[in-house]
file protein.cif (mmCIF, C-alpha atoms and all ligand atoms)
data_data
loop_
_atom_site.label_atom_id
_atom_site.label_comp_id
_atom_site.auth_asym_id
_atom_site.auth_seq_id
_atom_site.Cartn_x
_atom_site.Cartn_y
_atom_site.Cartn_z
CA MET A 1 50.32 -51.34 11.76
CA ASP A 2 50.48 -53.89 14.58
CA SER A 3 50.03 -57.44 13.47
CA ILE A 4 47.58 -59.59 15.37
CA ALA A 5 49.15 -62.79 16.68
CA PRO A 6 47.34 -65.88 15.39
CA ALA A 7 45.66 -68.06 17.98
CA ARG A 8 48.03 -70.82 19.05
CA GLN A 9 46.73 -74.16 17.85
CA ASP A 10 49.59 -76.31 19.05
CA GLU A 11 48.87 -76.25 22.78
CA PRO A 12 45.84 -77.15 24.84
CA ALA A 13 44.21 -74.30 26.73
CA PRO A 14 45.97 -73.90 30.07
CA PRO A 15 44.02 -74.96 33.16
CA PRO A 16 42.97 -72.13 35.49
CA VAL A 17 45.83 -70.95 37.68
CA PRO A 18 45.23 -70.80 41.43
CA ALA A 19 45.22 -67.20 42.62
CA ALA A 20 47.94 -67.60 45.26
CA ASN A 21 49.83 -64.49 46.28
CA GLY A 22 47.21 -62.05 45.07
CA ALA A 23 46.15 -61.36 41.53
CA GLY A 24 48.07 -62.35 38.41
CA ARG A 25 50.66 -65.05 38.14
CA PRO A 26 51.17 -67.08 41.31
CA SER A 27 54.64 -67.49 42.80
CA LEU A 28 56.15 -70.96 42.86
CA VAL A 29 57.84 -70.06 46.15
CA GLY A 30 55.95 -72.15 48.68
CA ALA A 31 55.26 -75.03 46.29
CA ASP A 32 56.55 -78.34 47.64
CA MET A 33 57.46 -81.28 45.37
CA ALA A 34 53.78 -82.13 44.90
CA GLY A 35 52.99 -78.53 43.98
CA LEU A 36 55.94 -78.26 41.60
CA GLY A 37 54.84 -81.55 40.04
CA GLU A 38 51.39 -80.13 39.39
CA ALA A 39 52.83 -76.94 37.97
CA VAL A 40 54.98 -78.75 35.42
CA ARG A 41 52.17 -81.15 34.54
CA ALA A 42 49.86 -78.20 33.87
CA LEU A 43 52.43 -76.92 31.36
CA GLY A 44 52.76 -80.30 29.68
CA GLU A 45 56.36 -80.60 30.85
CA PRO A 46 57.97 -83.90 31.90
CA PRO A 47 57.94 -84.77 35.63
CA PHE A 48 61.72 -84.37 36.05
CA ARG A 49 61.30 -80.62 35.62
CA ALA A 50 59.88 -80.52 39.16
CA LYS A 51 63.24 -81.63 40.56
CA GLN A 52 65.03 -79.08 38.40
CA LEU A 53 62.72 -76.37 39.68
CA ARG A 54 63.32 -77.41 43.28
CA HIS A 55 67.05 -77.18 42.72
CA TRP A 56 66.89 -73.74 41.13
CA ILE A 57 64.31 -72.25 43.45
CA TYR A 58 65.31 -73.64 46.83
CA HIS A 59 68.95 -74.67 46.44
CA ARG A 60 70.25 -71.93 44.18
CA GLY A 61 67.80 -69.18 45.09
CA ALA A 62 66.90 -68.26 41.48
CA ARG A 63 64.83 -65.10 41.31
CA GLY A 64 63.90 -65.44 37.65
CA PHE A 65 63.25 -68.39 35.31
CA GLU A 66 65.87 -67.09 32.86
CA GLU A 67 68.58 -68.10 35.39
CA MET A 68 67.58 -71.76 35.09
CA THR A 69 70.10 -72.69 32.44
CA SER A 70 69.62 -76.45 32.74
CA ILE A 71 66.00 -76.01 31.59
CA SER A 72 65.27 -75.45 27.91
CA LYS A 73 64.56 -71.90 26.78
CA ALA A 74 61.09 -72.85 25.61
CA ALA A 75 60.19 -74.38 28.97
CA ARG A 76 61.58 -71.35 30.82
CA ALA A 77 59.41 -69.08 28.71
CA LYS A 78 56.32 -71.17 29.45
CA LEU A 79 57.08 -71.09 33.17
CA ALA A 80 57.57 -67.33 33.15
CA GLU A 81 54.24 -66.82 31.38
CA ARG A 82 52.38 -68.61 34.12
CA TYR A 83 54.37 -68.18 37.32
CA THR A 84 56.71 -65.90 39.20
CA LEU A 85 59.37 -66.56 41.85
CA GLY A 86 58.07 -63.66 43.93
CA ARG A 87 58.98 -63.16 47.57
CA PRO A 88 57.40 -60.79 50.07
CA ALA A 89 58.46 -57.19 49.40
CA PRO A 90 60.68 -55.46 51.96
CA ALA A 91 58.86 -52.24 52.89
CA ASP A 92 61.57 -51.23 55.35
CA ALA A 93 64.90 -52.68 56.43
CA GLN A 94 67.21 -51.65 59.26
CA VAL A 95 70.58 -52.79 60.56
CA SER A 96 71.49 -52.41 64.22
CA ALA A 97 74.94 -51.50 65.51
CA ASP A 98 75.17 -55.08 66.84
CA GLY A 99 74.51 -56.57 63.39
CA THR A 100 70.85 -57.45 64.02
CA ARG A 101 68.74 -56.81 60.95
CA LYS A 102 65.07 -56.17 60.85
CA TRP A 103 62.70 -56.10 57.91
CA LEU A 104 59.15 -54.97 57.61
CA LEU A 105 57.53 -57.12 54.93
CA ARG A 106 54.62 -56.15 52.77
CA PHE A 107 52.43 -58.76 51.10
CA PRO A 108 50.43 -58.17 47.91
CA ASP A 109 47.25 -57.40 49.88
CA ALA A 110 49.22 -54.65 51.71
CA SER A 111 49.27 -56.54 55.02
CA GLU A 112 52.56 -56.39 56.88
CA ALA A 113 54.66 -58.61 59.12
CA GLU A 114 58.13 -58.50 60.57
CA MET A 115 61.29 -60.52 60.33
CA VAL A 116 64.54 -60.30 62.32
CA PHE A 117 68.01 -61.76 61.68
CA ILE A 118 70.29 -62.20 64.68
CA PRO A 119 73.92 -63.04 63.86
CA GLU A 120 75.96 -64.71 66.59
CA GLU A 121 79.46 -66.13 66.64
CA ASP A 122 78.50 -69.71 65.89
CA ARG A 123 75.14 -69.28 64.16
CA GLY A 124 72.69 -66.93 62.50
CA THR A 125 69.06 -67.06 63.53
CA LEU A 126 66.18 -65.81 61.44
CA CYS A 127 62.96 -65.06 63.28
CA ILE A 128 59.95 -65.25 60.96
CA SER A 129 56.20 -64.69 61.26
CA SER A 130 53.37 -67.15 60.71
CA GLN A 131 50.38 -64.78 60.74
CA VAL A 132 49.65 -61.12 60.22
CA GLY A 133 48.49 -60.06 63.66
CA CYS A 134 47.55 -62.67 66.25
CA THR A 135 44.36 -63.85 67.91
CA LEU A 136 45.87 -64.70 71.29
CA ASN A 137 46.07 -61.27 72.94
CA CYS A 138 48.81 -62.06 75.43
CA ARG A 139 48.78 -59.00 77.66
CA PHE A 140 52.50 -58.21 77.50
CA CYS A 141 52.76 -58.68 73.72
CA HIS A 142 52.50 -55.71 71.43
CA THR A 143 51.14 -57.78 68.52
CA GLY A 144 48.08 -58.48 70.70
CA THR A 145 47.16 -54.78 70.56
CA GLN A 146 47.12 -54.80 66.76
CA PRO A 147 44.17 -55.99 64.70
CA TRP A 148 44.05 -59.61 63.60
CA VAL A 149 44.48 -59.82 59.83
CA ARG A 150 45.12 -63.31 58.45
CA ASN A 151 47.18 -66.46 58.21
CA LEU A 152 50.26 -66.34 56.03
CA GLY A 153 50.41 -68.90 53.22
CA ALA A 154 53.24 -71.44 53.00
CA GLY A 155 54.84 -69.35 50.24
CA GLU A 156 54.71 -66.25 52.38
CA ILE A 157 56.37 -68.11 55.25
CA VAL A 158 59.12 -69.69 53.11
CA GLY A 159 59.31 -66.42 51.13
CA GLN A 160 60.51 -64.61 54.26
CA LEU A 161 63.53 -66.90 54.44
CA MET A 162 64.13 -66.58 50.69
CA LEU A 163 64.10 -62.78 50.94
CA ALA A 164 66.51 -62.79 53.91
CA ARG A 165 68.88 -65.10 52.04
CA ASP A 166 68.74 -62.79 49.00
CA ALA A 167 69.54 -59.78 51.20
CA LEU A 168 72.38 -61.55 53.04
CA ASP A 169 73.81 -63.06 49.85
CA ASP A 170 73.33 -66.48 51.43
CA TRP A 171 72.82 -68.75 48.39
CA PRO A 172 73.32 -71.58 47.44
CA SER A 173 72.06 -73.84 50.19
CA GLY A 174 74.95 -76.27 50.60
CA ARG A 175 77.64 -73.79 51.62
CA LYS A 176 79.58 -74.41 54.82
CA ASP A 177 79.59 -70.72 55.74
CA ARG A 178 75.87 -70.20 55.44
CA LYS A 179 74.70 -67.14 57.33
CA ILE A 180 71.23 -68.30 58.25
CA THR A 181 71.68 -71.56 60.15
CA ASN A 182 68.63 -71.50 62.44
CA ILE A 183 65.00 -70.56 61.96
CA VAL A 184 62.61 -69.66 64.75
CA LEU A 185 58.89 -69.14 64.25
CA MET A 186 58.77 -66.48 66.95
CA GLY A 187 57.67 -63.46 64.96
CA MET A 188 54.05 -62.41 64.68
CA GLY A 189 51.32 -64.98 65.11
CA GLU A 190 50.62 -68.36 66.63
CA PRO A 191 52.10 -71.00 64.29
CA LEU A 192 49.88 -73.80 65.59
CA TYR A 193 46.79 -71.81 64.62
CA ASN A 194 48.10 -71.86 61.05
CA TYR A 195 49.30 -75.44 61.17
CA ASP A 196 48.81 -76.56 57.55
CA ASN A 197 50.74 -73.67 56.05
CA VAL A 198 53.45 -73.87 58.71
CA ALA A 199 53.78 -77.64 58.15
CA ARG A 200 54.15 -77.19 54.38
CA ALA A 201 56.68 -74.40 54.88
CA ALA A 202 58.62 -76.53 57.39
CA GLY A 203 58.72 -79.39 54.88
CA ILE A 204 60.17 -77.08 52.22
CA MET A 205 62.70 -75.46 54.54
CA THR A 206 64.02 -78.82 55.77
CA ASP A 207 64.10 -80.60 52.37
CA GLY A 208 67.73 -81.71 51.99
CA ASP A 209 67.65 -81.16 48.21
CA GLY A 210 66.35 -77.64 48.64
CA ILE A 211 66.86 -75.15 51.45
CA ALA A 212 68.25 -77.93 53.67
CA ILE A 213 67.84 -76.43 57.14
CA SER A 214 68.05 -79.26 59.64
CA ARG A 215 64.89 -80.03 61.62
CA ARG A 216 67.00 -79.59 64.73
CA ARG A 217 67.61 -76.01 63.75
CA LEU A 218 63.98 -75.15 63.11
CA THR A 219 62.07 -74.10 66.22
CA LEU A 220 58.40 -73.46 66.44
CA SER A 221 57.23 -71.33 69.35
CA THR A 222 53.72 -71.82 70.69
CA ALA A 223 51.63 -70.34 73.47
CA GLY A 224 50.33 -73.90 73.95
CA VAL A 225 47.68 -75.03 71.48
CA VAL A 226 47.58 -78.43 73.16
CA PRO A 227 45.63 -80.50 70.57
CA VAL A 228 47.92 -79.42 67.73
CA MET A 229 51.14 -79.96 69.67
CA ARG A 230 50.85 -83.73 69.36
CA GLN A 231 50.30 -83.57 65.61
CA CYS A 232 53.23 -81.22 65.30
CA GLY A 233 55.53 -83.55 67.22
CA GLU A 234 54.51 -86.59 65.20
CA GLU A 235 54.49 -84.99 61.76
CA LEU A 236 57.15 -82.31 61.78
CA GLY A 237 59.74 -83.37 64.34
CA VAL A 238 60.91 -79.78 64.76
CA ASN A 239 62.09 -78.22 68.01
CA LEU A 240 59.46 -76.82 70.25
CA ALA A 241 59.54 -73.66 72.34
CA VAL A 242 56.65 -73.11 74.71
CA SER A 243 55.66 -69.69 76.00
CA LEU A 244 55.01 -70.65 79.61
CA HIS A 245 55.52 -67.27 81.34
CA ALA A 246 53.76 -68.20 84.60
CA VAL A 247 53.58 -71.11 87.04
CA THR A 248 50.00 -70.74 88.30
CA ASP A 249 46.83 -70.86 86.24
CA ALA A 250 45.59 -67.68 87.94
CA ILE A 251 48.51 -65.63 86.62
CA ARG A 252 48.81 -67.43 83.30
CA ASP A 253 45.07 -66.97 82.64
CA GLU A 254 45.72 -63.26 82.97
CA ILE A 255 48.84 -62.85 80.83
CA VAL A 256 48.34 -65.68 78.29
CA PRO A 257 44.53 -65.93 77.92
CA LEU A 258 44.87 -69.16 75.90
CA ASN A 259 45.58 -70.75 79.29
CA ARG A 260 41.87 -70.57 80.09
CA ARG A 261 41.34 -73.14 77.36
CA TYR A 262 44.50 -75.21 77.87
CA PRO A 263 45.70 -74.83 81.46
CA ILE A 264 49.24 -75.47 82.68
CA ALA A 265 48.77 -79.13 83.68
CA GLU A 266 47.42 -80.03 80.21
CA LEU A 267 50.12 -78.02 78.51
CA LEU A 268 52.89 -79.75 80.44
CA ASP A 269 51.35 -83.15 79.68
CA ALA A 270 51.48 -82.30 75.99
CA CYS A 271 55.14 -81.35 76.47
CA ARG A 272 55.90 -84.67 78.18
CA ASN A 273 54.35 -86.47 75.21
CA TYR A 274 55.88 -84.28 72.51
CA GLY A 275 57.34 -86.58 69.84
CA GLY A 276 61.07 -86.94 70.00
CA VAL A 277 61.54 -85.36 73.43
CA ASN A 278 64.63 -86.70 75.20
CA ASN A 279 67.61 -85.12 76.85
CA ALA A 280 69.29 -84.36 73.55
CA ARG A 281 66.20 -82.53 72.25
CA ARG A 282 64.81 -80.49 75.02
CA ILE A 283 61.80 -78.26 74.94
CA THR A 284 62.61 -74.61 75.51
CA PHE A 285 60.32 -72.88 77.96
CA GLU A 286 60.12 -69.16 77.38
CA TYR A 287 59.49 -67.09 80.47
CA VAL A 288 59.07 -63.33 80.10
CA MET A 289 60.23 -61.47 83.19
CA LEU A 290 57.47 -59.12 84.37
CA LYS A 291 58.22 -57.05 87.46
CA GLY A 292 56.04 -58.02 90.42
CA VAL A 293 53.91 -60.37 88.30
CA ASN A 294 55.75 -63.67 87.79
CA ASP A 295 59.30 -63.02 89.02
CA ARG A 296 59.36 -64.00 92.72
CA ASP A 297 61.67 -66.61 94.24
CA ALA A 298 58.58 -68.74 94.87
CA ASP A 299 57.74 -68.64 91.14
CA ALA A 300 61.22 -69.88 90.28
CA ARG A 301 60.97 -72.71 92.82
CA GLU A 302 57.59 -73.73 91.42
CA LEU A 303 59.05 -73.64 87.90
CA VAL A 304 61.75 -76.09 89.01
CA ARG A 305 59.08 -78.36 90.47
CA LEU A 306 56.82 -78.21 87.41
CA LEU A 307 59.59 -79.01 84.95
CA LYS A 308 61.47 -81.63 86.93
CA ASP A 309 60.31 -84.56 84.77
CA ILE A 310 60.48 -82.79 81.39
CA PRO A 311 63.69 -82.45 79.33
CA ALA A 312 63.65 -78.68 79.44
CA LYS A 313 65.67 -75.54 79.03
CA ILE A 314 64.43 -72.25 80.35
CA ASN A 315 64.91 -69.05 78.45
CA LEU A 316 64.24 -66.03 80.61
CA ILE A 317 63.21 -63.14 78.37
CA PRO A 318 63.58 -59.62 79.73
CA PHE A 319 60.24 -57.96 78.99
CA ASN A 320 60.58 -55.63 76.03
CA PRO A 321 58.45 -52.61 76.86
CA TRP A 322 56.27 -50.79 74.36
CA PRO A 323 54.34 -47.52 74.71
CA GLY A 324 51.31 -48.05 76.95
CA ALA A 325 52.34 -51.56 78.06
CA PRO A 326 50.77 -52.50 81.38
CA TYR A 327 54.01 -54.11 82.66
CA GLU A 328 57.62 -53.33 83.43
CA CYS A 329 60.64 -55.54 83.02
CA SER A 330 62.04 -57.14 86.18
CA ARG A 331 65.29 -55.63 87.46
CA GLU A 332 68.50 -57.31 86.41
CA LYS A 333 69.24 -58.41 89.98
CA ARG A 334 65.81 -60.07 90.20
CA ILE A 335 66.35 -61.89 86.89
CA ARG A 336 69.73 -63.16 88.14
CA ALA A 337 68.22 -64.36 91.44
CA PHE A 338 65.44 -66.13 89.52
CA MET A 339 67.98 -67.76 87.23
CA THR A 340 70.12 -68.92 90.18
CA ILE A 341 67.16 -70.76 91.72
CA CYS A 342 66.48 -72.47 88.37
CA LEU A 343 70.13 -73.49 88.01
CA ASP A 344 70.36 -74.69 91.61
CA GLY A 345 67.22 -76.74 90.96
CA GLY A 346 69.06 -78.54 88.15
CA LEU A 347 67.43 -76.78 85.19
CA THR A 348 69.32 -75.41 82.23
CA CYS A 349 68.56 -71.72 82.21
CA THR A 350 69.70 -68.81 80.06
CA VAL A 351 68.73 -65.16 79.87
CA ARG A 352 68.00 -63.81 76.42
CA THR A 353 70.28 -60.89 75.63
CA PRO A 354 68.34 -58.03 74.15
CA ARG A 355 69.52 -57.42 70.58
CA GLY A 356 68.91 -54.63 68.14
CA ARG A 357 67.49 -52.24 70.74
CA ASP A 358 68.53 -49.25 68.60
CA ILE A 359 66.26 -50.45 65.78
CA MET A 360 63.40 -51.54 68.07
CA ALA A 361 63.85 -55.17 67.14
CA ALA A 362 61.21 -56.16 69.69
CA CYS A 363 57.98 -57.91 68.96
CA GLY A 364 55.55 -55.82 66.92
CA GLN A 365 57.48 -52.59 67.17
CA LEU A 366 58.71 -51.94 63.64
CA LYS A 367 55.26 -52.53 62.22
CA SER A 368 53.71 -50.00 64.57
CA ALA A 369 56.50 -47.51 63.88
CA SER A 370 55.61 -47.75 60.19
CA GLU A 371 51.91 -47.31 60.98
CA ARG A 372 52.69 -44.21 63.04
CA LYS A 373 54.78 -42.81 60.19
CA ARG A 374 51.92 -43.30 57.76
CA ALA A 375 49.37 -41.82 60.18
CA ALA A 376 51.64 -38.80 60.58
CA ALA A 377 51.93 -38.47 56.80
CA ARG A 378 48.12 -38.51 56.49
CA ALA A 379 47.59 -35.89 59.25
N1 LIG A 401 52.58 -67.19 69.42
C1 LIG A 401 53.86 -67.81 69.63
C2 LIG A 401 55.01 -67.18 68.87
C3 LIG A 401 55.09 -65.68 68.79
S1 LIG A 401 55.61 -64.78 70.20
C4 LIG A 401 54.15 -67.88 71.11
O1 LIG A 401 53.36 -67.37 71.91
O2 LIG A 401 55.13 -68.48 71.50
C5 LIG A 401 57.31 -65.20 70.42
C6 LIG A 401 57.80 -65.03 71.86
O3 LIG A 401 57.96 -63.63 72.19
C7 LIG A 401 56.84 -65.58 72.90
O4 LIG A 401 57.52 -66.27 73.91
C8 LIG A 401 56.21 -64.31 73.44
O5 LIG A 401 55.62 -64.55 74.66
C9 LIG A 401 57.38 -63.37 73.46
N2 LIG A 401 57.04 -61.96 73.59
C10 LIG A 401 56.01 -61.31 73.04
N3 LIG A 401 56.01 -60.00 73.38
C11 LIG A 401 57.08 -59.82 74.17
C12 LIG A 401 57.63 -58.67 74.84
N4 LIG A 401 57.08 -57.48 74.74
N5 LIG A 401 58.77 -58.84 75.56
C13 LIG A 401 59.35 -60.06 75.64
N6 LIG A 401 58.87 -61.18 75.03
C14 LIG A 401 57.75 -61.06 74.32
#

call {"tool": "encode", "arguments": {"input": "protein.cif", "output": "structure tokens"}}
result
Amino acid sequence: MDSIAPARQDEPAPPPVPAANGAGRPSLVGADMAGLGEAVRALGEPPFRAKQLRHWIYHRGARGFEEMTSISKAARAKLAERYTLGRPAPADAQVSADGTRKWLLRFPDASEAEMVFIPEEDRGTLCISSQVGCTLNCRFCHTGTQPWVRNLGAGEIVGQLMLARDALDDWPSGRKDRKITNIVLMGMGEPLYNYDNVARAAGIMTDGDGIAISRRRLTLSTAGVVPVMRQCGEELGVNLAVSLHAVTDAIRDEIVPLNRRYPIAELLDACRNYGGVNNARRITFEYVMLKGVNDRDADARELVRLLKDIPAKINLIPFNPWPGAPYECSREKRIRAFMTICLDGGLTCTVRTPRGRDIMAACGQLKSASERKRAAARA
């Protein structure tokens, strides 16, 4: 016969646990020092446990409380009863011939987002998502054709990096040969429309006693949410990339509809005033090359004029086509001519090399491939 465990008299009833990360025990991934402090206080543990947790979770990459050997067994058991160290689940993972890796992530509510790792000689860049879907509907972007779902929580944003570091065997944080050196928020979503979660995640990723990614190696890409740009510059001090893509309001209104709310002149003013801008920390302007739309010599000359008083670099992005896209990518010769005008005008200008083409590592494509697979399975 099973014995019935007596009610425990020695401990106060635990306070209700916030239902982060779906039902059940919440994950501590995404908790900053304040959050870890609350978690240990709720368990009646001394405050120094929060620092120990930070070390194990964000410096060492612990995936279970039992690994935390500097914490007493009893405390580890209490932690494990109430919390997990869960990360997003990889629903699909692919490696390209050029070393690019792509993951499709599934969150507990079954929503999905993508993540890409791009290894280069001198760095490794992880591209992560800030939302599931996007509300901006840029006309050349595949995510815009997918339904809007929701903001990702701070834990789901940091959790992407944690999962990638698990997969790449990239723990602990202090190593000289770390594989992920740079983070870009250029996956799905508009990070400045999910500012609070992105800010908390940025704080955790740049904490020197935890994940310890330098603020200079964390880049947030925005389509230009002008009022939040100032706050971002003052509070986060991360690098900014701005999706400019056009030099006239008429064309930008069409391809980046957010421009109707925050037109080019206002956007560039916000760039001029972005905290910490100087020649050492330039703003990157992303410019997608769309054949016959924004790629004329006159556009390049206007770009030089618009950016002349802003510490800028231009990143020309060959348009990555998707089925049914209303645009084509500019020819290589056109992109080179455009770049030459920018360089002659004194701007720093690079062309993004397409990576991971064999695994469709372009915006929004893995997610839709998985949706097609499921639709086919249902049919
Ligand atoms: N919402 C943010 C970040 C996500 S998009 C932003 O707009 O910046 C990241 C970058 O990919 C943006 O510069 C976006 O314009 C670009 N992009 C989206 N779809 C693309 C495509 N099909 N080909 C090339 N670049 C694309």

call {"tool": "closest_atom_pairs", "arguments": {"input": "protein.cif", "of": "chain A", "to": "ligand LIG 401 (chain A)", "cutoff": "8 Å", "atoms": "all atoms listed in the file", "output": "JSON lines"}}
result
{"residue": "A:Ser129", "atom": "CA", "partner": "A:LIG401", "partner_atom": "C3", "distance": 7.7}
{"residue": "A:Cys134", "atom": "CA", "partner": "A:LIG401", "partner_atom": "N1", "distance": 7.5}
{"residue": "A:Leu136", "atom": "CA", "partner": "A:LIG401", "partner_atom": "N1", "distance": 7.4}
{"residue": "A:Cys138", "atom": "CA", "partner": "A:LIG401", "partner_atom": "O5", "distance": 7.3}
{"residue": "A:Phe140", "atom": "CA", "partner": "A:LIG401", "partner_atom": "N4", "distance": 5.4}
{"residue": "A:Cys141", "atom": "CA", "partner": "A:LIG401", "partner_atom": "N3", "distance": 3.5}
{"residue": "A:His142", "atom": "CA", "partner": "A:LIG401", "partner_atom": "N3", "distance": 5.9}
{"residue": "A:Thr143", "atom": "CA", "partner": "A:LIG401", "partner_atom": "N3", "distance": 7.2}
{"residue": "A:Leu185", "atom": "CA", "partner": "A:LIG401", "partner_atom": "C2", "distance": 6.3}
{"residue": "A:Met186", "atom": "CA", "partner": "A:LIG401", "partner_atom": "C5", "distance": 4.0}
{"residue": "A:Gly187", "atom": "CA", "partner": "A:LIG401", "partner_atom": "C3", "distance": 5.1}
{"residue": "A:Met188", "atom": "CA", "partner": "A:LIG401", "partner_atom": "C3", "distance": 5.4}
{"residue": "A:Gly189", "atom": "CA", "partner": "A:LIG401", "partner_atom": "N1", "distance": 5.0}
{"residue": "A:Glu190", "atom": "CA", "partner": "A:LIG401", "partner_atom": "N1", "distance": 3.6}
{"residue": "A:Pro191", "atom": "CA", "partner": "A:LIG401", "partner_atom": "N1", "distance": 6.4}
{"residue": "A:Leu220", "atom": "CA", "partner": "A:LIG401", "partner_atom": "C2", "distance": 7.5}
{"residue": "A:Ser221", "atom": "CA", "partner": "A:LIG401", "partner_atom": "O2", "distance": 4.1}
{"residue": "A:Thr222", "atom": "CA", "partner": "A:LIG401", "partner_atom": "O2", "distance": 3.7}
{"residue": "A:Ala223", "atom": "CA", "partner": "A:LIG401", "partner_atom": "O1", "distance": 3.8}
{"residue": "A:Gly224", "atom": "CA", "partner": "A:LIG401", "partner_atom": "O1", "distance": 7.5}
{"residue": "A:Ala241", "atom": "CA", "partner": "A:LIG401", "partner_atom": "O2", "distance": 6.9}
{"residue": "A:Val242", "atom": "CA", "partner": "A:LIG401", "partner_atom": "O2", "distance": 5.8}
{"residue": "A:Ser243", "atom": "CA", "partner": "A:LIG401", "partner_atom": "O4", "distance": 4.4}
{"residue": "A:Leu244", "atom": "CA", "partner": "A:LIG401", "partner_atom": "O4", "distance": 7.6}
{"residue": "A:His245", "atom": "CA", "partner": "A:LIG401", "partner_atom": "O5", "distance": 7.2}
{"residue": "A:Glu286", "atom": "CA", "partner": "A:LIG401", "partner_atom": "O4", "distance": 5.2}
{"residue": "A:Tyr287", "atom": "CA", "partner": "A:LIG401", "partner_atom": "O4", "distance": 6.9}
{"residue": "A:Val288", "atom": "CA", "partner": "A:LIG401", "partner_atom": "N6", "distance": 5.5}
{"residue": "A:Met289", "atom": "CA", "partner": "A:LIG401", "partner_atom": "C13", "distance": 7.7}
{"residue": "A:Ile317", "atom": "CA", "partner": "A:LIG401", "partner_atom": "C13", "distance": 5.6}
{"residue": "A:Pro318", "atom": "CA", "partner": "A:LIG401", "partner_atom": "C13", "distance": 5.9}
{"residue": "A:Phe319", "atom": "CA", "partner": "A:LIG401", "partner_atom": "N5", "distance": 3.8}
{"residue": "A:Asn320", "atom": "CA", "partner": "A:LIG401", "partner_atom": "N5", "distance": 3.7}
{"residue": "A:Pro321", "atom": "CA", "partner": "A:LIG401", "partner_atom": "N4", "distance": 5.5}
{"residue": "A:Trp322", "atom": "CA", "partner": "A:LIG401", "partner_atom": "N4", "distance": 6.7}
{"residue": "A:Ala362", "atom": "CA", "partner": "A:LIG401", "partner_atom": "N4", "distance": 6.7}
{"residue": "A:Cys363", "atom": "CA", "partner": "A:LIG401", "partner_atom": "N3", "distance": 5.3}
{"residue": "A:Gly364", "atom": "CA", "partner": "A:LIG401", "partner_atom": "N3", "distance": 7.7}

call {"tool": "closest_atom_pairs", "arguments": {"input": "protein.cif", "of": "stretch 150-213 of chain A", "to": "stretch 54-57 of chain A", "cutoff": "10 Å", "atoms": "all atoms listed in the file", "output": "JSON lines"}}
result
{"residue": "A:Met162", "atom": "CA", "partner": "A:Ile57", "partner_atom": "CA", "distance": 9.2}
{"residue": "A:Pro172", "atom": "CA", "partner": "A:Trp56", "partner_atom": "CA", "distance": 9.3}
{"residue": "A:Ser173", "atom": "CA", "partner": "A:His55", "partner_atom": "CA", "distance": 9.6}
{"residue": "A:Ile204", "atom": "CA", "partner": "A:Arg54", "partner_atom": "CA", "distance": 9.5}
{"residue": "A:Asp207", "atom": "CA", "partner": "A:Arg54", "partner_atom": "CA", "distance": 9.7}
{"residue": "A:Asp209", "atom": "CA", "partner": "A:His55", "partner_atom": "CA", "distance": 6.8}
{"residue": "A:Gly210", "atom": "CA", "partner": "A:His55", "partner_atom": "CA", "distance": 6.0}
{"residue": "A:Ile211", "atom": "CA", "partner": "A:Ile57", "partner_atom": "CA", "distance": 8.9}

call {"tool": "closest_residue", "arguments": {"input": "protein.cif", "among": "A:Gly144, A:Gly174, A:Gly233, A:Pro47", "to": "A:Arg281", "atoms": "only C-alpha atoms"}}
result
A:Gly233

call {"tool": "residues_around", "arguments": {"input": "protein.cif", "residues": "stretch 349-352 of chain A", "least_positions_apart": "6", "cutoff": "6 Å", "atoms": "all atoms listed in the file", "output": "PyMOL selection string"}}
result
chain A and resi 313-317

call {"tool": "closest_residue", "arguments": {"input": "protein.cif", "among": "A:Leu236, A:Leu43, A:Leu267, A:Val293", "to": "A:Ala77", "atoms": "only C-alpha atoms"}}
result
A:Leu43

call {"tool": "residues_around", "arguments": {"input": "protein.cif", "residues": "A:Thr348", "least_positions_apart": "5", "cutoff": "12 Å", "atoms": "only C-alpha atoms", "output": "CSV table (one decimal) with C-alpha atoms, in the coordinates of the input"}}
result
chain,number,residue,atom,x,y,z
A,279,ASN,CA,67.6,-85.1,76.8
A,282,ARG,CA,64.8,-80.5,75.0
A,283,ILE,CA,61.8,-78.3,74.9
A,284,THR,CA,62.6,-74.6,75.5
A,285,PHE,CA,60.3,-72.9,78.0
A,303,LEU,CA,59.0,-73.6,87.9
A,304,VAL,CA,61.8,-76.1,89.0
A,307,LEU,CA,59.6,-79.0,85.0
A,308,LYS,CA,61.5,-81.6,86.9
A,310,ILE,CA,60.5,-82.8,81.4
A,311,PRO,CA,63.7,-82.4,79.3
A,312,ALA,CA,63.6,-78.7,79.4
A,313,LYS,CA,65.7,-75.5,79.0
A,314,ILE,CA,64.4,-72.2,80.4
A,315,ASN,CA,64.9,-69.0,78.4
A,316,LEU,CA,64.2,-66.0,80.6
A,339,MET,CA,68.0,-67.8,87.2
A,340,THR,CA,70.1,-68.9,90.2
A,341,ILE,CA,67.2,-70.8,91.7
A,342,CYS,CA,66.5,-72.5,88.4
A,343,LEU,CA,70.1,-73.5,88.0

call {"tool": "closest_residue", "arguments": {"input": "protein.cif", "among": "A:Ala97, A:Ile335, A:Val40, A:Ala89", "to": "A:Arg357", "atoms": "all atoms listed in the file"}}
result
A:Ala97

call {"tool": "closest_residue", "arguments": {"input": "protein.cif", "among": "A:Val225, A:Thr181, A:Ala298, A:Ser111", "to": "A:Pro263", "atoms": "all atoms listed in the file"}}
result
A:Val225

call {"tool": "atom_distance", "arguments": {"input": "protein.cif", "atom1": "atom CA of A:Met68", "atom2": "atom CA of A:Glu81"}}
result
14.7 Å

call {"tool": "residues_around", "arguments": {"input": "protein.cif", "residues": "A:Ala265", "least_positions_apart": "4", "cutoff": "9 Å", "atoms": "only C-alpha atoms", "output": "PyMOL selection string"}}
result
chain A and resi 249+269-270+306
